[in-house]
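Quick look at entry_28.csv (CSV, C-alpha atoms and all ligand atoms):
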chain,number,residue,atom,x,y,z
O,1,MET,CA,-23.1,19.3,-5.3
O,2,ILE,CA,-20.6,17.0,-3.6
O,3,LEU,CA,-16.9,17.2,-4.3
O,4,VAL,CA,-15.3,13.7,-4.4
O,5,THR,CA,-11.5,13.8,-4.1
O,6,GLY,CA,-10.0,10.6,-5.3
O,7,GLY,CA,-13.3,9.6,-6.9
O,8,ALA,CA,-11.7,7.5,-9.6
O,9,GLY,CA,-10.0,5.3,-7.0
O,10,TYR,CA,-11.3,2.0,-5.5
O,11,ILE,CA,-13.5,3.2,-2.7
O,12,GLY,CA,-14.3,6.6,-4.2
O,13,SER,CA,-15.6,5.1,-7.5
O,14,HIS,CA,-18.0,2.8,-5.6
O,15,THR,CA,-19.2,5.7,-3.5
O,16,CYS,CA,-19.9,7.8,-6.6
O,17,VAL,CA,-22.3,5.0,-7.8
O,18,GLU,CA,-24.1,5.1,-4.4
O,19,LEU,CA,-24.1,9.0,-4.4
O,20,ALA,CA,-25.8,8.9,-7.8
O,21,ARG,CA,-28.3,6.3,-6.6
O,22,ALA,CA,-29.1,8.4,-3.6
O,23,GLY,CA,-29.8,11.4,-5.9
O,24,TYR,CA,-26.7,13.5,-5.1
O,25,GLU,CA,-24.9,15.5,-7.8
O,26,PHE,CA,-21.1,15.2,-7.6
O,27,VAL,CA,-17.9,16.2,-9.2
O,28,VAL,CA,-14.7,14.2,-9.0
O,29,LEU,CA,-11.2,15.6,-8.6
O,30,ASP,CA,-8.4,13.1,-9.2
O,31,ASN,CA,-4.8,13.3,-10.4
O,32,PHE,CA,-5.0,9.6,-11.7
O,33,SER,CA,-1.8,8.7,-9.8
O,34,ASN,CA,-3.5,5.4,-8.9
O,35,SER,CA,-6.5,5.2,-11.3
O,36,THR,CA,-7.5,6.1,-14.8
O,37,PRO,CA,-10.4,8.1,-16.4
O,38,VAL,CA,-11.8,4.8,-17.7
O,39,VAL,CA,-13.2,4.2,-14.2
O,40,LEU,CA,-15.3,7.4,-14.6
O,41,GLU,CA,-16.8,6.0,-17.9
O,42,ARG,CA,-17.6,2.8,-16.0
O,43,ILE,CA,-19.5,4.8,-13.4
O,44,GLU,CA,-21.4,6.5,-16.2
O,45,ARG,CA,-22.3,3.1,-17.6
O,46,ILE,CA,-23.5,1.9,-14.2
O,47,THR,CA,-25.5,5.0,-13.3
O,48,GLY,CA,-26.7,6.0,-16.7
O,49,GLN,CA,-25.6,9.6,-15.9
O,50,PRO,CA,-22.7,11.7,-17.1
O,51,VAL,CA,-19.9,12.2,-14.5
O,52,ARG,CA,-18.4,15.6,-14.0
O,53,TRP,CA,-14.7,15.4,-13.3
O,54,HIS,CA,-11.5,17.3,-13.3
O,55,GLU,CA,-7.9,16.0,-13.5
O,56,GLY,CA,-5.9,17.8,-10.8
O,57,ASP,CA,-4.1,17.5,-7.5
O,58,ILE,CA,-5.6,18.3,-4.1
O,59,ARG,CA,-2.3,20.0,-3.3
O,60,ASP,CA,-2.8,22.6,-6.0
O,61,ARG,CA,-4.5,25.6,-4.5
O,62,ALA,CA,-5.5,27.2,-7.8
O,63,THR,CA,-7.2,24.0,-9.0
O,64,LEU,CA,-9.2,23.7,-5.7
O,65,ASP,CA,-10.2,27.4,-5.8
O,66,ARG,CA,-11.3,27.1,-9.4
O,67,ILE,CA,-13.5,24.0,-8.6
O,68,PHE,CA,-15.1,25.7,-5.5
O,69,ALA,CA,-15.8,28.8,-7.7
O,70,GLN,CA,-17.3,26.7,-10.5
O,71,TYR,CA,-19.7,24.6,-8.5
O,72,PRO,CA,-21.9,25.2,-5.5
O,73,ILE,CA,-20.2,22.6,-3.4
O,74,SER,CA,-22.0,21.8,-0.1
O,75,ALA,CA,-19.8,18.9,1.1
O,76,VAL,CA,-16.5,17.1,0.3
O,77,LEU,CA,-15.9,13.3,0.4
O,78,HIS,CA,-12.1,13.2,0.7
O,79,PHE,CA,-10.6,9.9,-0.5
O,80,ALA,CA,-7.5,11.2,-2.4
O,81,GLY,CA,-4.3,10.0,-0.9
O,82,LEU,CA,-1.6,7.3,-1.0
O,83,LYS,CA,-2.4,4.1,0.9
O,84,ALA,CA,0.4,1.5,0.6
O,85,VAL,CA,2.0,0.8,4.0
O,86,THR,CA,5.3,-0.6,2.8
O,87,GLU,CA,5.7,2.1,0.2
O,88,SER,CA,5.1,4.7,2.9
O,89,ILE,CA,8.2,3.4,4.8
O,90,ASP,CA,10.4,4.0,1.7
O,91,ARG,CA,8.7,7.3,0.7
O,92,PRO,CA,7.6,9.1,3.8
O,93,ILE,CA,7.9,12.6,2.2
O,94,ASP,CA,5.5,11.6,-0.6
O,95,TYR,CA,3.1,10.2,1.9
O,96,PHE,CA,3.1,13.3,4.2
O,97,ASP,CA,3.0,15.5,1.1
O,98,ASN,CA,0.0,13.8,-0.5
O,99,ASN,CA,-2.0,12.9,2.6
O,100,VAL,CA,-1.1,15.6,5.1
O,101,HIS,CA,-0.2,18.6,2.9
O,102,GLY,CA,-3.0,17.5,0.5
O,103,SER,CA,-5.6,17.5,3.3
O,104,ILE,CA,-4.4,20.9,4.6
O,105,ALA,CA,-4.7,22.4,1.1
O,106,LEU,CA,-8.2,20.9,0.8
O,107,VAL,CA,-9.6,22.2,4.1
O,108,GLY,CA,-8.0,25.6,3.4
O,109,ALA,CA,-9.8,25.8,0.1
O,110,MET,CA,-13.0,24.6,1.8
O,111,GLU,CA,-12.7,27.4,4.4
O,112,ARG,CA,-12.1,30.0,1.7
O,113,ALA,CA,-15.2,28.8,-0.1
O,114,GLY,CA,-17.3,28.6,3.0
O,115,CYS,CA,-17.9,24.9,2.6
O,116,LYS,CA,-17.5,23.2,6.0
O,117,THR,CA,-18.8,19.7,5.6
O,118,LEU,CA,-16.3,16.9,5.2
O,119,VAL,CA,-16.1,13.1,5.2
O,120,PHE,CA,-12.6,11.9,5.7
O,121,SER,CA,-11.2,8.4,4.8
O,122,SER,CA,-9.3,7.2,7.8
O,123,SER,CA,-8.2,3.7,8.7
O,124,ALA,CA,-8.3,1.0,11.4
O,125,THR,CA,-4.5,1.2,11.1
O,126,VAL,CA,-4.7,4.0,13.7
O,127,TYR,CA,-5.5,1.5,16.4
O,128,GLY,CA,-2.1,-0.2,16.5
O,129,PRO,CA,-1.4,-3.8,17.4
O,130,GLU,CA,-2.3,-4.2,21.1
O,131,GLN,CA,-6.0,-3.5,21.3
O,132,PRO,CA,-8.6,-5.9,22.7
O,133,MET,CA,-11.1,-6.8,20.0
O,134,PRO,CA,-13.6,-5.6,18.9
O,135,VAL,CA,-12.0,-2.2,19.0
O,136,ALA,CA,-14.2,0.9,19.6
O,137,GLU,CA,-13.5,4.5,18.5
O,138,SER,CA,-12.5,5.5,22.0
O,139,ALA,CA,-9.5,3.1,22.0
O,140,PRO,CA,-6.0,4.6,22.4
O,141,LEU,CA,-4.3,5.3,19.0
O,142,THR,CA,-0.8,4.3,18.0
O,143,VAL,CA,0.7,3.9,14.6
O,144,SER,CA,3.8,2.0,13.4
O,145,ASN,CA,4.3,3.3,9.9
O,146,PRO,CA,4.3,6.6,8.0
O,147,TYR,CA,1.0,5.9,6.2
O,148,GLY,CA,-0.8,5.4,9.5
O,149,ARG,CA,0.9,8.5,10.9
O,150,THR,CA,-0.5,10.6,8.1
O,151,LYS,CA,-4.0,9.4,8.9
O,152,LEU,CA,-3.5,10.2,12.6
O,153,VAL,CA,-2.1,13.7,11.8
O,154,VAL,CA,-5.1,14.5,9.6
O,155,GLU,CA,-7.5,13.2,12.2
O,156,ASP,CA,-5.8,15.5,14.7
O,157,LEU,CA,-6.1,18.4,12.3
O,158,LEU,CA,-9.8,17.8,11.8
O,159,TYR,CA,-10.3,17.6,15.5
O,160,GLU,CA,-8.6,20.9,16.1
O,161,LEU,CA,-10.5,22.5,13.1
O,162,SER,CA,-13.9,21.5,14.6
O,163,ARG,CA,-12.9,22.8,18.0
O,164,SER,CA,-11.7,26.1,16.5
O,165,ASP,CA,-14.9,26.7,14.5
O,166,PRO,CA,-18.1,24.8,15.4
O,167,GLN,CA,-19.6,25.4,11.9
O,168,TRP,CA,-17.5,22.5,10.6
O,169,ARG,CA,-19.4,19.3,10.2
O,170,ILE,CA,-16.9,16.4,10.0
O,171,ALA,CA,-17.2,12.6,9.8
O,172,THR,CA,-13.9,10.8,10.1
O,173,LEU,CA,-14.6,7.2,9.0
O,174,ARG,CA,-12.1,4.5,10.0
O,175,TYR,CA,-12.4,1.7,7.5
O,176,PHE,CA,-11.4,-1.8,8.4
O,177,ASN,CA,-10.5,-4.1,5.4
O,178,PRO,CA,-12.4,-3.0,2.3
O,179,VAL,CA,-12.8,-5.7,-0.3
O,180,GLY,CA,-15.2,-6.8,-3.1
O,181,ALA,CA,-16.5,-4.9,-6.1
O,182,HIS,CA,-19.6,-3.5,-7.6
O,183,ASP,CA,-21.8,-6.4,-8.7
O,184,SER,CA,-21.8,-5.2,-12.4
O,185,GLY,CA,-18.1,-6.3,-12.6
O,186,LEU,CA,-17.4,-2.9,-14.2
O,187,ILE,CA,-15.5,-1.3,-11.3
O,188,GLY,CA,-13.3,-2.9,-8.6
O,189,GLU,CA,-9.8,-2.7,-7.1
O,190,SER,CA,-7.0,-2.6,-9.6
O,191,PRO,CA,-3.7,-2.5,-7.7
O,192,VAL,CA,-0.7,-1.4,-9.7
O,193,GLY,CA,2.2,-4.0,-9.6
O,194,THR,CA,2.2,-6.8,-7.1
O,195,PRO,CA,-0.7,-6.4,-4.6
O,196,SER,CA,0.1,-6.3,-1.0
O,197,ASN,CA,-3.4,-6.9,0.4
O,198,LEU,CA,-4.9,-10.3,0.8
O,199,MET,CA,-8.0,-10.2,-1.4
O,200,PRO,CA,-6.4,-8.9,-4.7
O,201,LEU,CA,-3.7,-11.6,-4.2
O,202,VAL,CA,-6.2,-14.3,-3.8
O,203,CYS,CA,-8.0,-13.1,-6.9
O,204,GLN,CA,-4.8,-13.2,-8.9
O,205,VAL,CA,-3.9,-16.7,-7.7
O,206,ALA,CA,-7.4,-17.9,-8.5
O,207,ALA,CA,-7.0,-16.4,-12.0
O,208,GLY,CA,-3.7,-18.3,-12.5
O,209,LEU,CA,-1.7,-15.1,-12.6
O,210,ARG,CA,0.3,-16.1,-9.5
O,211,PRO,CA,1.3,-19.5,-8.3
O,212,ALA,CA,0.2,-19.4,-4.6
O,213,VAL,CA,-0.9,-17.2,-1.7
O,214,GLN,CA,1.7,-16.9,1.0
O,215,ILE,CA,-0.1,-17.0,4.3
O,216,PHE,CA,1.8,-14.9,6.8
O,217,GLY,CA,1.7,-17.1,9.9
O,218,ASP,CA,-0.5,-19.8,11.2
O,219,ASP,CA,0.4,-19.4,14.9
O,220,TYR,CA,-2.0,-16.6,15.8
O,221,PRO,CA,-4.5,-17.1,18.6
O,222,SER,CA,-7.3,-17.7,16.2
O,223,PRO,CA,-9.3,-21.0,15.6
O,224,ASP,CA,-7.2,-22.0,12.5
O,225,GLY,CA,-4.1,-20.0,13.5
O,226,THR,CA,-4.2,-17.6,10.6
O,227,GLY,CA,-4.7,-13.8,11.1
O,228,ILE,CA,-8.2,-12.4,11.5
O,229,ARG,CA,-9.6,-9.2,9.8
O,230,ASP,CA,-12.9,-7.4,9.5
O,231,PHE,CA,-13.4,-7.6,5.8
O,232,VAL,CA,-16.1,-5.2,4.7
O,233,HIS,CA,-17.7,-5.0,1.2
O,234,VAL,CA,-16.8,-1.8,-0.6
O,235,MET,CA,-20.5,-1.3,-1.5
O,236,ASP,CA,-21.4,-1.3,2.2
O,237,LEU,CA,-18.6,1.3,2.7
O,238,ALA,CA,-20.1,3.3,-0.1
O,239,ASP,CA,-23.5,3.2,1.7
O,240,GLY,CA,-21.7,4.2,4.9
O,241,HIS,CA,-20.5,7.4,3.2
O,242,VAL,CA,-24.0,8.3,2.0
O,243,ALA,CA,-25.3,7.7,5.5
O,244,ALA,CA,-22.5,9.9,6.9
O,245,LEU,CA,-23.4,12.7,4.5
O,246,ALA,CA,-27.0,12.5,5.5
O,247,PHE,CA,-26.0,12.6,9.2
O,248,LEU,CA,-23.9,15.7,8.7
O,249,GLU,CA,-26.8,17.4,6.9
O,250,ARG,CA,-28.8,16.9,10.1
O,251,ASN,CA,-26.1,17.5,12.7
O,252,GLN,CA,-23.5,20.3,13.1
O,253,THR,CA,-20.8,18.2,14.8
O,254,HIS,CA,-17.6,16.1,14.4
O,255,ILE,CA,-17.9,12.3,14.6
O,256,VAL,CA,-15.3,9.5,14.4
O,257,VAL,CA,-16.8,6.2,13.3
O,258,ASN,CA,-15.6,2.7,12.5
O,259,LEU,CA,-16.9,1.1,9.3
O,260,GLY,CA,-16.6,-2.7,9.4
O,261,THR,CA,-18.9,-5.6,9.8
O,262,GLY,CA,-18.1,-6.2,13.4
O,263,ARG,CA,-17.1,-9.8,12.5
O,264,GLY,CA,-13.7,-11.3,11.9
O,265,ALA,CA,-12.8,-13.8,9.2
O,266,SER,CA,-9.5,-15.5,9.0
O,267,VAL,CA,-7.1,-15.6,6.1
O,268,MET,CA,-8.0,-19.3,5.7
O,269,ASP,CA,-11.7,-18.5,5.8
O,270,VAL,CA,-11.2,-16.1,2.9
O,271,ILE,CA,-9.2,-18.7,0.9
O,272,LYS,CA,-11.9,-21.4,1.5
O,273,ALA,CA,-14.8,-19.1,0.7
O,274,PHE,CA,-13.1,-17.8,-2.4
O,275,GLU,CA,-12.4,-21.4,-3.6
O,276,ARG,CA,-16.1,-22.3,-3.1
O,277,LEU,CA,-17.4,-19.1,-4.8
O,278,SER,CA,-15.0,-19.1,-7.8
O,279,GLY,CA,-14.8,-22.9,-8.3
O,280,ARG,CA,-11.0,-22.5,-8.5
O,281,ARG,CA,-8.3,-24.1,-6.4
O,282,ILE,CA,-6.2,-21.5,-4.5
O,283,PRO,CA,-2.8,-23.0,-3.7
O,284,TYR,CA,-1.2,-21.6,-0.6
O,285,GLU,CA,1.9,-22.0,1.6
O,286,ILE,CA,2.4,-21.0,5.2
O,287,VAL,CA,5.3,-18.6,5.6
O,288,SER,CA,6.5,-16.6,8.6
O,289,ARG,CA,4.6,-13.8,10.1
O,290,ARG,CA,4.8,-10.4,8.3
O,291,THR,CA,6.8,-7.8,10.3
O,292,ALA,CA,4.7,-5.8,12.7
O,293,ASP,CA,1.5,-7.5,11.5
O,294,ILE,CA,-1.6,-7.5,13.8
O,295,GLY,CA,-3.0,-10.9,14.6
O,296,ILE,CA,-6.6,-10.2,15.1
O,297,SER,CA,-8.5,-7.0,14.1
O,298,PHE,CA,-12.3,-6.4,14.0
O,299,ALA,CA,-14.5,-3.4,14.7
O,300,ASP,CA,-17.0,-2.5,17.3
O,301,VAL,CA,-19.6,-1.1,14.9
O,302,SER,CA,-22.2,0.0,17.5
O,303,LEU,CA,-21.5,3.7,17.0
O,304,ALA,CA,-22.0,3.5,13.2
O,305,ASN,CA,-25.3,1.8,13.8
O,306,GLU,CA,-26.4,4.3,16.5
O,307,LEU,CA,-25.3,7.5,14.8
O,308,LEU,CA,-25.6,6.7,11.1
O,309,GLY,CA,-28.2,3.9,11.2
O,310,TRP,CA,-25.7,1.9,9.1
O,311,VAL,CA,-24.9,-1.7,9.2
O,312,ALA,CA,-22.9,-3.8,6.7
O,313,LYS,CA,-25.3,-6.0,4.8
O,314,ARG,CA,-23.0,-8.1,2.7
O,315,ASP,CA,-21.2,-11.2,3.9
O,316,LEU,CA,-17.9,-12.8,3.1
O,317,ASP,CA,-19.5,-14.9,0.3
O,318,ASP,CA,-20.7,-11.6,-1.4
O,319,MET,CA,-17.3,-10.1,-1.1
O,320,CYS,CA,-15.6,-13.1,-2.7
O,321,ARG,CA,-18.2,-13.5,-5.4
O,322,ASP,CA,-18.1,-9.9,-6.4
O,323,ALA,CA,-14.2,-9.7,-6.2
O,324,TRP,CA,-14.1,-12.8,-8.5
O,325,ARG,CA,-16.6,-11.4,-11.0
O,326,TRP,CA,-14.5,-8.2,-11.2
O,327,GLN,CA,-11.2,-10.2,-11.6
O,328,SER,CA,-12.7,-12.5,-14.2
O,329,ALA,CA,-14.1,-9.6,-16.2
O,330,ASN,CA,-10.9,-7.7,-16.2
O,331,GLY,CA,-8.2,-10.4,-16.7
O,332,GLN,CA,-5.2,-9.3,-14.7
N,1,LIG,P1,-7.1,4.4,-4.3
N,1,LIG,O1,-5.6,4.6,-4.5
N,1,LIG,O2,-7.8,3.4,-5.2
N,1,LIG,O3,-7.8,5.8,-4.5
N,1,LIG,C1,-7.2,7.0,-4.2
N,1,LIG,C2,-7.5,8.0,-5.4
N,1,LIG,O4,-6.9,9.2,-5.1
N,1,LIG,C3,-6.8,7.5,-6.7
N,1,LIG,O5,-7.7,7.6,-7.8
N,1,LIG,C4,-5.6,8.4,-6.9
N,1,LIG,O6,-5.3,8.7,-8.2
N,1,LIG,C5,-6.2,9.7,-6.2
N,1,LIG,N1,-5.1,10.6,-5.6
N,1,LIG,C6,-4.1,10.2,-4.9
N,1,LIG,N2,-3.4,11.3,-4.5
N,1,LIG,C7,-4.0,12.4,-5.1
N,1,LIG,C8,-3.8,13.8,-5.0
N,1,LIG,N3,-2.7,14.3,-4.4
N,1,LIG,N4,-4.7,14.6,-5.7
N,1,LIG,C9,-5.7,14.1,-6.4
N,1,LIG,N5,-6.0,12.8,-6.4
N,1,LIG,C10,-5.1,11.9,-5.8
N,1,LIG,O7,-7.3,4.1,-2.8
N,1,LIG,P2,-8.6,3.6,-2.0
N,1,LIG,O8,-8.4,2.2,-1.6
N,1,LIG,O9,-9.8,4.0,-2.8
N,1,LIG,O10,-8.6,4.5,-0.7
N,1,LIG,C11,-9.3,5.7,-0.6
N,1,LIG,C12,-8.9,6.4,0.7
N,1,LIG,O11,-9.3,5.4,1.8
N,1,LIG,C13,-7.5,6.7,0.9
N,1,LIG,O12,-7.4,7.9,1.6
N,1,LIG,C14,-7.0,5.5,1.8
N,1,LIG,O13,-5.9,5.9,2.6
N,1,LIG,C15,-8.2,5.2,2.6
N,1,LIG,N6,-8.3,3.8,3.1
N,1,LIG,C16,-8.2,2.8,2.3
N,1,LIG,C17,-8.2,1.5,2.7
N,1,LIG,C18,-8.1,0.3,1.8
N,1,LIG,O14,-7.7,-0.8,2.3
N,1,LIG,N7,-8.3,0.4,0.5
N,1,LIG,C19,-8.4,1.2,4.1
N,1,LIG,C20,-8.5,2.3,5.0
N,1,LIG,C21,-8.5,3.6,4.5
N,2,LIG,C1,-5.0,-9.1,5.7
N,2,LIG,C2,-4.5,-10.4,6.4
N,2,LIG,C3,-2.2,-10.7,6.6
N,2,LIG,C4,-1.3,-10.8,2.3
N,2,LIG,C5,-3.7,-3.2,5.3
N,2,LIG,C6,-3.2,-1.9,5.8
N,2,LIG,C7,-4.3,-1.1,6.5
N,2,LIG,C8,-5.5,-0.9,5.5
N,2,LIG,C9,-5.9,-2.2,5.0
N,2,LIG,C10,-5.4,1.2,4.5
N,2,LIG,C11,-3.4,-10.3,7.4
N,2,LIG,C12,-2.7,-11.7,5.6
N,2,LIG,C13,-1.9,-10.7,3.5
N,2,LIG,C14,-0.7,-12.0,2.0
N,2,LIG,C15,-1.4,-13.0,4.0
N,2,LIG,N1,-5.2,0.0,4.4
N,2,LIG,N2,-2.0,-11.8,4.4
N,2,LIG,N3,-0.8,-13.1,2.8
N,2,LIG,O1,-2.7,-5.8,7.0
N,2,LIG,O2,-5.1,-5.7,7.7
N,2,LIG,O3,-4.3,-3.9,6.4
N,2,LIG,O4,-4.8,-2.9,4.4
N,2,LIG,O5,-5.7,1.9,5.4
N,2,LIG,O6,-3.7,0.2,6.8
N,2,LIG,O7,-2.2,-2.1,6.8
N,2,LIG,O8,-4.6,-6.0,5.2
N,2,LIG,O9,-4.9,-7.4,3.2
N,2,LIG,O10,-2.6,-6.8,3.9
N,2,LIG,O11,-3.8,-8.4,5.3
N,2,LIG,O12,-1.4,-14.0,4.8
N,2,LIG,O13,0.0,-12.1,0.9
N,2,LIG,O14,-4.0,-11.3,5.3
N,2,LIG,O15,-1.2,-11.2,7.4
N,2,LIG,O16,-3.6,-11.2,8.4
N,2,LIG,P1,-4.1,-5.4,6.7
N,2,LIG,P2,-3.9,-7.1,4.3
Encoded form using structure tokens:
Amino acid sequence: MILVTGGAGYIGSHTCVELARAGYEFVVLDNFSNSTPVVLERIERITGQPVRWHEGDIRDRATLDRIFAQYPISAVLHFAGLKAVTESIDRPIDYFDNNVHGSIALVGAMERAGCKTLVFSSSATVYGPEQPMPVAESAPLTVSNPYGRTKLVVEDLLYELSRSDPQWRIATLRYFNPVGAHDSGLIGESPVGTPSNLMPLVCQVAAGLRPAVQIFGDDYPSPDGTGIRDFVHVMDLADGHVAALAFLERNQTHIVVNLGTGRGASVMDVIKAFERLSGRRIPYEIVSRRTADIGISFADVSLANELLGWVAKRDLDDMCRDAWRWQSANGQ
């Protein structure tokens, strides 16, 4: 049985679908601070199987101990946490509490229960702005906001944990820019309030819910001048988690692995592809660069291929098509 913390969230929910498809049993723990139980019903509709779930907080020791006592949990996929960079600057205590304290509480409960296999959601944000691209896992790490720092602190904790006790099996996965949705249109990304990430904004502009996309700068050293990112389809990420679990079943070790496509797409590439796939016009305006934004970011994905046998299969058209299907089916 796999415990999925944050399993009702964007990446967690898609991973639950792939876990079911791969034949894993799982139980979700989520406090629904950024999701709703409706997502779990949607997972049931997609997989045709009931989903076990508990409403609760990873910071709550009693909840965790109860779940580990109730189920024979062999591994944990740990998605639960807060993830908005700007919000983290205003609310650092909440971010450290959820992401750092929450992760400490989780690994503490795992240790008490004798469950020492963990897949952790980290982020390409730990690479900071000055790296030559593509960036490999061995690159120096720097962070410029509280959210990124919480990821780095937890990465450090997991490193020390695996050094202190070699029985731990840990995969720290550094996601690049997850986008897209399950091709059923039943689950996807539902940001609360105004989205800050590019793809949900593009979706809402295409749907007529917002007037235009503001492009943050067209003077980056890219072919069209707009920023470049390694957008990766959320279903490919989900496959990456199943591959990481299978790897940890075979290897008692600690790995840190990038999950991306290894290819960059510019902000303008995304807008153009989305227009083509949705048949909608996406008005945009060029505005000044976003503070502390990185110009170009894309992953060296050779380690994921070598260790996990994983490569991203879906391209930018798939990402836009699936994001648009989800947006169209769900209105706002
Ligand atoms: P999300 O907000 O959609 O999902 C997180 C889930 O965790 C939500 O369902 C939320 O209700 C739950 N949660 C939050 N705090 C909790 C707590 N204390 N106890 C129990 N449940 C809690 O986010 P996501 O995009 O699915 O991201 C999942 C993970 O991946 C996060 O750790 C995030 O930092 C990381 N990540 C996300 C991205 C991205 O762009 N989406 C990129 C890199 C890394
Ligand atoms: C992508 C590109 C923007 C919005 C963030 C977090 C990172 C990770 C993923 C969790 C950039 C441009 C954006 C807009 C724009 N999350 N853009 N107009 O900045 O790569 O990463 O999400 O770990 O930690 O920092 O993603 O989607 O915000 O931006 O022009 O309205 O789109 O400048 O070039 P980013 P993003």
- Message: Report as a VMD selection string all protein, DNA and RNA residues lying within 10 Å of range 93-104 of chain O, evaluated on all atoms listed in the file, omitting residues in the same chain fewer than 3 positions from it.
- Response: chain O and resid 57 to 61 78 to 85 87 to 90 107 to 110 120 146 to 155 157 to 158
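Here the question is which of O:Val192, O:Ala136, O:Ile228, O:Leu141 gets nearest to ligand LIG 1 (chain N) using all atoms listed in the file, and that residue is O:Val192.
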- Task: Could you tell me, counting all atoms listed in the file, which protein and nucleic acid residues lie no more than 7 Å from ligand LIG 1 (chain N), written as a VMD selection string?
- Result: chain O and resid 5 to 12 29 to 35 56 to 59 79 to 83 98 102 121 to 124 174 to 178 189
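Shortest atom-to-atom contact with Tyr284 in chain O among O:Ala265, O:Val202, O:Val311, O:Met235: O:Val202, counting only C-alpha atoms.
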Counting all atoms listed in the file, which residues in range 150-192 of chain O sit no more than 8 Å from range 243-260 of chain O? For each one, give the nearest pair of atoms and the distance in Å, sorted by chain then residue number, as a Markdown table.
| residue | atom | partner | partner_atom | distance |
| --- | --- | --- | --- | --- |
| O:Tyr159 | CA | O:His254 | CA | 7.5 |
| O:Ser162 | CA | O:His254 | CA | 6.5 |
| O:Pro166 | CA | O:Thr253 | CA | 7.2 |
| O:Gln167 | CA | O:Gln252 | CA | 6.5 |
| O:Trp168 | CA | O:Thr253 | CA | 6.9 |
| O:Arg169 | CA | O:Thr253 | CA | 4.9 |
| O:Ile170 | CA | O:His254 | CA | 4.5 |
| O:Ala171 | CA | O:Ile255 | CA | 4.9 |
| O:Thr172 | CA | O:Val256 | CA | 4.7 |
| O:Leu173 | CA | O:Val257 | CA | 4.9 |
| O:Arg174 | CA | O:Asn258 | CA | 4.7 |
| O:Tyr175 | CA | O:Leu259 | CA | 4.9 |
| O:Phe176 | CA | O:Gly260 | CA | 5.4 |
| O:Asn177 | CA | O:Gly260 | CA | 7.4 |
